[in-house]
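Enquirer: Dropping in protein_13.csv, with CSV, C-alpha atoms.
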chain,number,residue,atom,x,y,z
A,1,MET,CA,76.6,-82.2,-2.1
A,2,GLU,CA,77.1,-84.9,0.6
A,3,ILE,CA,74.2,-86.8,2.1
A,4,VAL,CA,74.8,-88.9,5.3
A,5,TRP,CA,72.1,-91.1,7.0
A,6,TYR,CA,71.9,-91.7,10.8
A,7,GLY,CA,69.1,-94.2,10.7
A,8,LEU,CA,65.3,-93.7,10.8
A,9,ASN,CA,64.4,-90.4,9.1
A,10,THR,CA,67.5,-88.6,10.1
A,11,PHE,CA,69.9,-87.3,7.4
A,12,ARG,CA,72.4,-84.5,7.1
A,13,PHE,CA,72.9,-82.6,3.8
A,14,SER,CA,75.9,-80.4,3.3
A,15,GLU,CA,77.3,-78.4,0.4
A,16,ARG,CA,80.2,-76.0,0.6
A,17,GLY,CA,79.2,-72.4,1.0
A,18,MET,CA,75.5,-73.3,1.7
A,19,ALA,CA,73.4,-74.1,4.7
A,20,SER,CA,73.6,-77.6,6.2
A,21,VAL,CA,70.4,-79.5,7.1
A,22,VAL,CA,69.5,-82.2,9.6
A,23,THR,CA,66.1,-83.9,9.2
A,24,ASP,CA,63.9,-85.5,11.9
A,25,PRO,CA,66.5,-85.9,14.7
A,26,TYR,CA,65.6,-88.8,17.0
A,27,PRO,CA,66.3,-89.4,20.7
A,28,PRO,CA,68.6,-92.0,22.2
A,29,GLU,CA,65.5,-94.0,23.4
A,30,VAL,CA,65.1,-95.5,19.9
A,31,GLY,CA,68.2,-97.5,20.5
A,32,LEU,CA,70.5,-95.5,18.2
A,33,THR,CA,72.8,-92.6,18.9
A,34,TYR,CA,74.3,-90.3,16.3
A,35,PRO,CA,77.4,-88.2,16.8
A,36,ARG,CA,75.5,-84.8,17.3
A,37,PRO,CA,75.8,-83.4,13.8
A,38,ARG,CA,76.0,-79.6,13.3
A,39,ALA,CA,73.3,-77.9,11.2
A,40,ASP,CA,72.0,-74.5,10.1
A,41,ILE,CA,68.5,-75.9,9.5
A,42,VAL,CA,66.7,-78.7,11.4
A,43,THR,CA,63.4,-80.0,9.9
A,44,VAL,CA,60.7,-81.8,11.8
A,45,SER,CA,58.2,-83.7,9.6
A,46,ARG,CA,55.9,-84.9,12.5
A,47,ASN,CA,55.4,-83.8,16.1
A,48,THR,CA,56.6,-87.0,17.7
A,49,PRO,CA,59.6,-87.6,20.0
A,50,GLU,CA,61.3,-89.8,17.3
A,51,CYS,CA,61.4,-86.8,14.9
A,52,SER,CA,61.9,-83.8,17.0
A,53,TYR,CA,65.0,-84.3,19.3
A,54,THR,CA,66.6,-81.1,18.3
A,55,ARG,CA,68.8,-81.2,21.4
A,56,GLY,CA,70.8,-83.9,19.5
A,57,VAL,CA,71.9,-81.3,16.9
A,58,ARG,CA,74.6,-78.7,17.3
A,59,GLY,CA,73.8,-75.2,16.2
A,60,PRO,CA,72.9,-72.4,16.0
A,61,PHE,CA,70.1,-73.5,13.7
A,62,ARG,CA,66.6,-72.7,12.6
A,63,VAL,CA,63.8,-75.3,13.2
A,64,PHE,CA,61.2,-75.7,10.4
A,65,ASP,CA,58.2,-77.7,11.6
A,66,THR,CA,55.3,-75.9,9.9
A,67,PRO,CA,54.2,-75.6,6.3
A,68,GLY,CA,55.7,-72.7,4.3
A,69,GLU,CA,58.6,-71.5,2.1
A,70,TYR,CA,61.9,-70.6,3.6
A,71,GLU,CA,65.4,-69.6,2.5
A,72,VAL,CA,68.5,-70.0,4.6
A,73,GLY,CA,72.1,-69.8,3.4
A,74,GLY,CA,71.3,-70.3,-0.2
A,75,VAL,CA,69.0,-73.3,0.4
A,76,PHE,CA,65.3,-72.9,-0.6
A,77,VAL,CA,63.0,-75.1,1.6
A,78,THR,CA,59.4,-75.8,0.7
A,79,ALA,CA,57.3,-77.5,3.5
A,80,ILE,CA,54.1,-79.2,2.2
A,81,PRO,CA,51.6,-80.6,4.7
A,82,THR,CA,50.0,-84.0,4.3
A,83,ILE,CA,47.7,-86.1,6.4
A,84,VAL,CA,48.8,-89.4,8.0
A,85,GLY,CA,47.2,-91.9,10.4
A,86,PRO,CA,43.7,-93.2,10.7
A,87,LYS,CA,40.7,-91.2,9.4
A,88,LYS,CA,39.2,-90.9,12.8
A,89,SER,CA,42.4,-89.3,14.3
A,90,PRO,CA,44.6,-88.0,11.4
A,91,GLU,CA,47.8,-86.2,12.1
A,92,ARG,CA,50.0,-83.8,10.1
A,93,ASN,CA,53.1,-84.9,8.3
A,94,ILE,CA,55.3,-82.4,6.4
A,95,ILE,CA,57.1,-83.3,3.2
A,96,PHE,CA,60.2,-81.1,2.8
A,97,HIS,CA,61.6,-80.2,-0.6
A,98,PHE,CA,65.1,-78.7,-0.6
A,99,ASP,CA,66.7,-76.8,-3.5
A,100,TYR,CA,70.5,-76.6,-3.4
A,101,ASP,CA,71.2,-74.4,-6.4
A,102,GLY,CA,69.2,-76.6,-8.8
A,103,LEU,CA,69.9,-80.0,-7.1
A,104,THR,CA,66.6,-81.0,-5.4
A,105,ILE,CA,66.1,-83.3,-2.5
A,106,CYS,CA,62.7,-84.5,-1.2
A,107,HIS,CA,62.3,-85.9,2.3
A,108,LEU,CA,58.9,-87.6,2.7
A,109,GLY,CA,59.0,-87.8,6.5
A,110,HIS,CA,56.4,-90.1,8.0
A,111,LEU,CA,54.3,-90.4,4.8
A,112,ASP,CA,52.1,-93.5,5.0
A,113,ARG,CA,50.1,-93.2,1.8
A,114,VAL,CA,50.4,-92.1,-1.8
A,115,PRO,CA,50.4,-88.3,-2.1
A,116,THR,CA,47.6,-86.6,-4.0
A,117,GLN,CA,48.1,-85.1,-7.4
A,118,ALA,CA,48.1,-81.7,-5.8
A,119,HIS,CA,51.0,-82.7,-3.6
A,120,ILE,CA,52.9,-84.2,-6.6
A,121,GLU,CA,52.5,-80.9,-8.5
A,122,ALA,CA,53.5,-78.8,-5.5
A,123,LEU,CA,56.7,-80.8,-5.1
A,124,GLY,CA,57.8,-80.3,-8.7
A,125,ALA,CA,61.1,-81.8,-9.8
A,126,VAL,CA,62.8,-84.2,-7.4
A,127,ASP,CA,66.4,-85.3,-8.1
A,128,ILE,CA,66.9,-87.3,-4.8
A,129,LEU,CA,64.0,-88.9,-2.9
A,130,LEU,CA,64.3,-90.0,0.7
A,131,VAL,CA,61.5,-92.5,1.2
A,132,PRO,CA,60.3,-94.5,4.2
A,133,ILE,CA,59.9,-98.2,3.5
A,134,GLY,CA,59.5,-100.1,6.8
A,135,GLY,CA,55.9,-99.5,7.7
A,136,ASP,CA,55.0,-98.8,11.3
A,137,GLY,CA,53.6,-95.3,10.6
A,138,GLY,CA,55.4,-94.9,7.2
A,139,LEU,CA,55.1,-96.3,3.7
A,140,LYS,CA,55.4,-100.1,3.2
A,141,PRO,CA,57.5,-101.3,0.2
A,142,ALA,CA,54.7,-101.5,-2.4
A,143,LYS,CA,53.4,-98.1,-1.6
A,144,ALA,CA,56.9,-96.7,-1.5
A,145,ALA,CA,57.5,-98.1,-5.0
A,146,GLU,CA,54.3,-96.5,-6.2
A,147,VAL,CA,55.4,-93.1,-4.9
A,148,ILE,CA,58.8,-93.5,-6.6
A,149,SER,CA,57.1,-94.2,-9.9
A,150,LEU,CA,55.0,-91.0,-9.5
A,151,LEU,CA,57.9,-88.7,-8.6
A,152,GLU,CA,60.4,-90.2,-11.0
A,153,PRO,CA,63.5,-89.2,-9.0
A,154,SER,CA,67.1,-89.8,-10.3
A,155,ILE,CA,68.2,-91.3,-7.0
A,156,VAL,CA,66.2,-93.0,-4.3
A,157,ILE,CA,67.5,-93.5,-0.8
A,158,PRO,CA,65.4,-95.7,1.5
A,159,MET,CA,65.0,-94.8,5.1
A,160,ARG,CA,63.0,-95.8,8.2
A,161,TYR,CA,63.7,-99.6,8.1
A,162,LYS,CA,65.1,-102.1,10.5
A,163,ILE,CA,68.8,-101.7,11.3
A,164,PRO,CA,70.9,-103.2,14.2
A,165,GLY,CA,70.2,-101.6,17.6
A,166,LEU,CA,66.9,-100.0,16.6
A,167,LYS,CA,64.2,-100.9,19.1
A,168,MET,CA,61.3,-100.1,16.8
A,169,SER,CA,59.4,-102.8,14.8
A,170,LEU,CA,60.1,-101.9,11.2
A,171,GLY,CA,60.3,-103.9,8.0
A,172,SER,CA,63.5,-105.0,6.3
A,173,LEU,CA,65.5,-103.4,3.5
A,174,SER,CA,65.4,-106.6,1.5
A,175,ARG,CA,61.6,-106.5,1.0
A,176,PHE,CA,61.9,-103.0,-0.6
A,177,LEU,CA,64.8,-104.1,-2.8
A,178,GLN,CA,62.7,-107.0,-4.0
A,179,GLN,CA,59.8,-104.6,-4.7
A,180,MET,CA,62.2,-102.5,-6.8
A,181,GLY,CA,63.4,-105.6,-8.7
A,182,LEU,CA,66.8,-105.6,-7.1
A,183,GLU,CA,68.4,-108.7,-5.5
A,184,LYS,CA,70.8,-106.6,-3.3
A,185,ALA,CA,72.5,-103.3,-3.1
A,186,LYS,CA,76.0,-102.4,-1.9
A,187,PRO,CA,75.8,-99.9,1.0
A,188,GLN,CA,77.9,-96.8,1.0
A,189,GLU,CA,78.9,-94.5,3.8
A,190,ALA,CA,77.7,-91.3,2.1
A,191,LEU,CA,76.3,-90.1,-1.2
A,192,LYS,CA,78.4,-87.4,-2.9
A,193,ILE,CA,76.6,-86.1,-5.9
A,194,SER,CA,76.1,-83.0,-8.1
A,195,ARG,CA,73.3,-82.1,-10.4
A,196,HIS,CA,75.7,-82.6,-13.3
A,197,ARG,CA,76.3,-86.3,-12.3
A,198,LEU,CA,72.7,-87.5,-11.8
A,199,PRO,CA,71.9,-90.9,-13.4
A,200,SER,CA,69.5,-90.8,-16.4
A,201,GLU,CA,67.4,-93.6,-14.9
A,202,THR,CA,66.2,-94.0,-11.3
A,203,GLU,CA,68.9,-95.7,-9.1
A,204,VAL,CA,68.5,-97.0,-5.5
A,205,VAL,CA,71.3,-95.9,-3.2
A,206,VAL,CA,71.6,-97.7,0.2
A,207,LEU,CA,73.5,-95.8,2.9
A,208,THR,CA,75.2,-97.3,5.9
A,209,PRO,CA,73.8,-95.6,9.0
A,210,ARG,CA,76.4,-93.4,10.7
A,211,VAL,CA,75.7,-94.1,14.4
A,212,GLU,CA,77.8,-94.5,17.5
Kindly transcribe the structure held in the file into structure tokens.
Expert:
Amino acid sequence: MEIVWYGLNTFRFSERGMASVVTDPYPPEVGLTYPRPRADIVTVSRNTPECSYTRGVRGPFRVFDTPGEYEVGGVFVTAIPTIVGPKKSPERNIIFHFDYDGLTICHLGHLDRVPTQAHIEALGAVDILLVPIGGDGGLKPAKAAEVISLLEPSIVIPMRYKIPGLKMSLGSLSRFLQQMGLEKAKPQEALKISRHRLPSETEVVVLTPRVE
């Protein structure tokens, strides 16, 4: 399994012989441009321009933007709806859970609060957690750390934080690392992992955004 990050909520998962996934593709207006990745599945966690720029992905692919259970190319996808935003005008965010032959990835999307116990139980086992940490419509570091403690993943990959070129006002990676008790982390270009090589205790993996 290889996981690549393009900034914001956008990742690509690929595994030989199985469907590839791109999550929450963003438009060039955010200040970043990714090199038009190819996918069999595109997921959209929230119906906003920054999460639904499917034209930026090469296909053919299927788009999943509603709750449900799906299977494409050996990948099982569970889409679980949550509520985000103010109580007076809440919006829907979808948490996506991917099962690659026993290796599970959870993409929290625009989650801005701690999930309910029902959500935690619906997600089940999470090996790799992709968690927003920069605020501005997503979790802030303290809440992100609380969610991590509830889900107990083997690997945590932070997303949706300030990087060079991004025009959005997001918090920094360093605040999240401090919250997790880390002074710094060495970024890597991609995560290559199998379910047989997962760490026994939760590790934070920082990815370098692959953008043009």
Enquirer: Using only C-alpha atoms, determine which residues lie at most 10 Å from Pro35 (chain A), disregarding the query and same-chain residues fewer than 6 positions distant; provide the list as JSON, numbers by chain.
Expert: {"A": [6, 56, 57, 58, 210, 211, 212]}
Enquirer: So what do you get for CA of Thr23 (chain A) versus CA of Glu121 (chain A), distance-wise?
Expert: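 CA of Glu121 (chain A) lies at a distance of 22.5 Å from CA of Thr23 (chain A).
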Enquirer: Within 7 Å of region 189-201 of chain A, counting only C-alpha atoms, which residues qualify if same-chain residues fewer than 5 places away don't, as an mmCIF file with C-alpha atoms, keeping the file's coordinate frame?
Expert:
data_model
loop_
_atom_site.group_PDB
_atom_site.id
_atom_site.type_symbol
_atom_site.label_atom_id
_atom_site.label_comp_id
_atom_site.auth_asym_id
_atom_site.auth_seq_id
_atom_site.Cartn_x
_atom_site.Cartn_y
_atom_site.Cartn_z
ATOM 1 C CA MET A 1 76.600 -82.200 -2.100
ATOM 2 C CA GLU A 2 77.100 -84.900 0.600
ATOM 3 C CA ILE A 3 74.200 -86.800 2.100
ATOM 4 C CA VAL A 4 74.800 -88.900 5.300
ATOM 5 C CA LEU A 103 69.900 -80.000 -7.100
ATOM 6 C CA SER A 154 67.100 -89.800 -10.300
ATOM 7 C CA LEU A 207 73.500 -95.800 2.900
ATOM 8 C CA THR A 208 75.200 -97.300 5.900
#
Enquirer: List the spatial neighbours of Phe11 (chain A) as a ChimeraX atom specification - criterion: any atom at most 12 Å away, all atoms listed in the file, same-chain residues fewer than 3 positions off excluded.
Expert: /A:2-8,14,20-26,34,36-39,41-44,51,57,105-109,129-131,157-160,190-191,207-211
Enquirer: Could you check the closest approach to Leu32 (chain A) for each of A:Val126, A:Glu50, A:Arg55, A:Tyr70 and tell me which residue wins, using only C-alpha atoms?
Expert: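 Using only C-alpha atoms, Leu32 (chain A) sits closest to A:Glu50.
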Enquirer: Near Pro86 (chain A), within 12 Å and counting only C-alpha atoms, which residues show up once chain neighbours fewer than 6 positions away are dropped, as a ChimeraX atom specification?
Expert: /A:92,112-113,137
Enquirer: How far is it from CA of Glu183 (chain A) to CA of His110 (chain A), in Å with one decimal?
Expert: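 Those two atoms sit 25.9 Å apart.
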Enquirer: Let me make sure I understand: among A:Ala145, A:Ile133, A:Ile83, A:Val156, which one has the smallest atom-to-atom distance to Leu170 (chain A) if we use only C-alpha atoms?
Expert: A:Ile133
Enquirer: Pick from A:Val114, A:Leu123, A:Ile155, A:Val205: nearest to Asp99 (chain A), with all atoms listed in the file counted?
Expert: A:Leu123
Enquirer: How many Å separate CA of Asn93 (chain A) from CA of Asp127 (chain A)?
Expert: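 The value is 21.1 Å.
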Enquirer: For region 172-178 of chain A, find every residue with an atom within 6 Å (counting all atoms listed in the file), except residues of its own chain fewer than 3 positions away, and show them as a PyMOL selection string.
Expert: chain A and resi 141+161-162+181-182
Enquirer: So, counting only C-alpha atoms, which residue among A:Glu29, A:Val77, A:Pro153, A:Thr202 is closest to Leu166 (chain A)?
Expert: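 That would be A:Glu29, the residue with the smallest distance to Leu166 (chain A).
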Enquirer: With only C-alpha atoms as the basis for distance, which of A:Met18, A:Pro81, A:Lys167, A:Leu111 is at the shortest distance from Ala144 (chain A)?
Expert: A:Leu111
Enquirer: Identify which of the residues A:Gly17, A:Pro90, A:Gly171, A:Gly134 lies closest to Arg46 (chain A), counting only C-alpha atoms when measuring atom-to-atom distances.
Expert: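 Ranking A:Gly17, A:Pro90, A:Gly171, A:Gly134 by distance to Arg46 (chain A), first place goes to A:Pro90.
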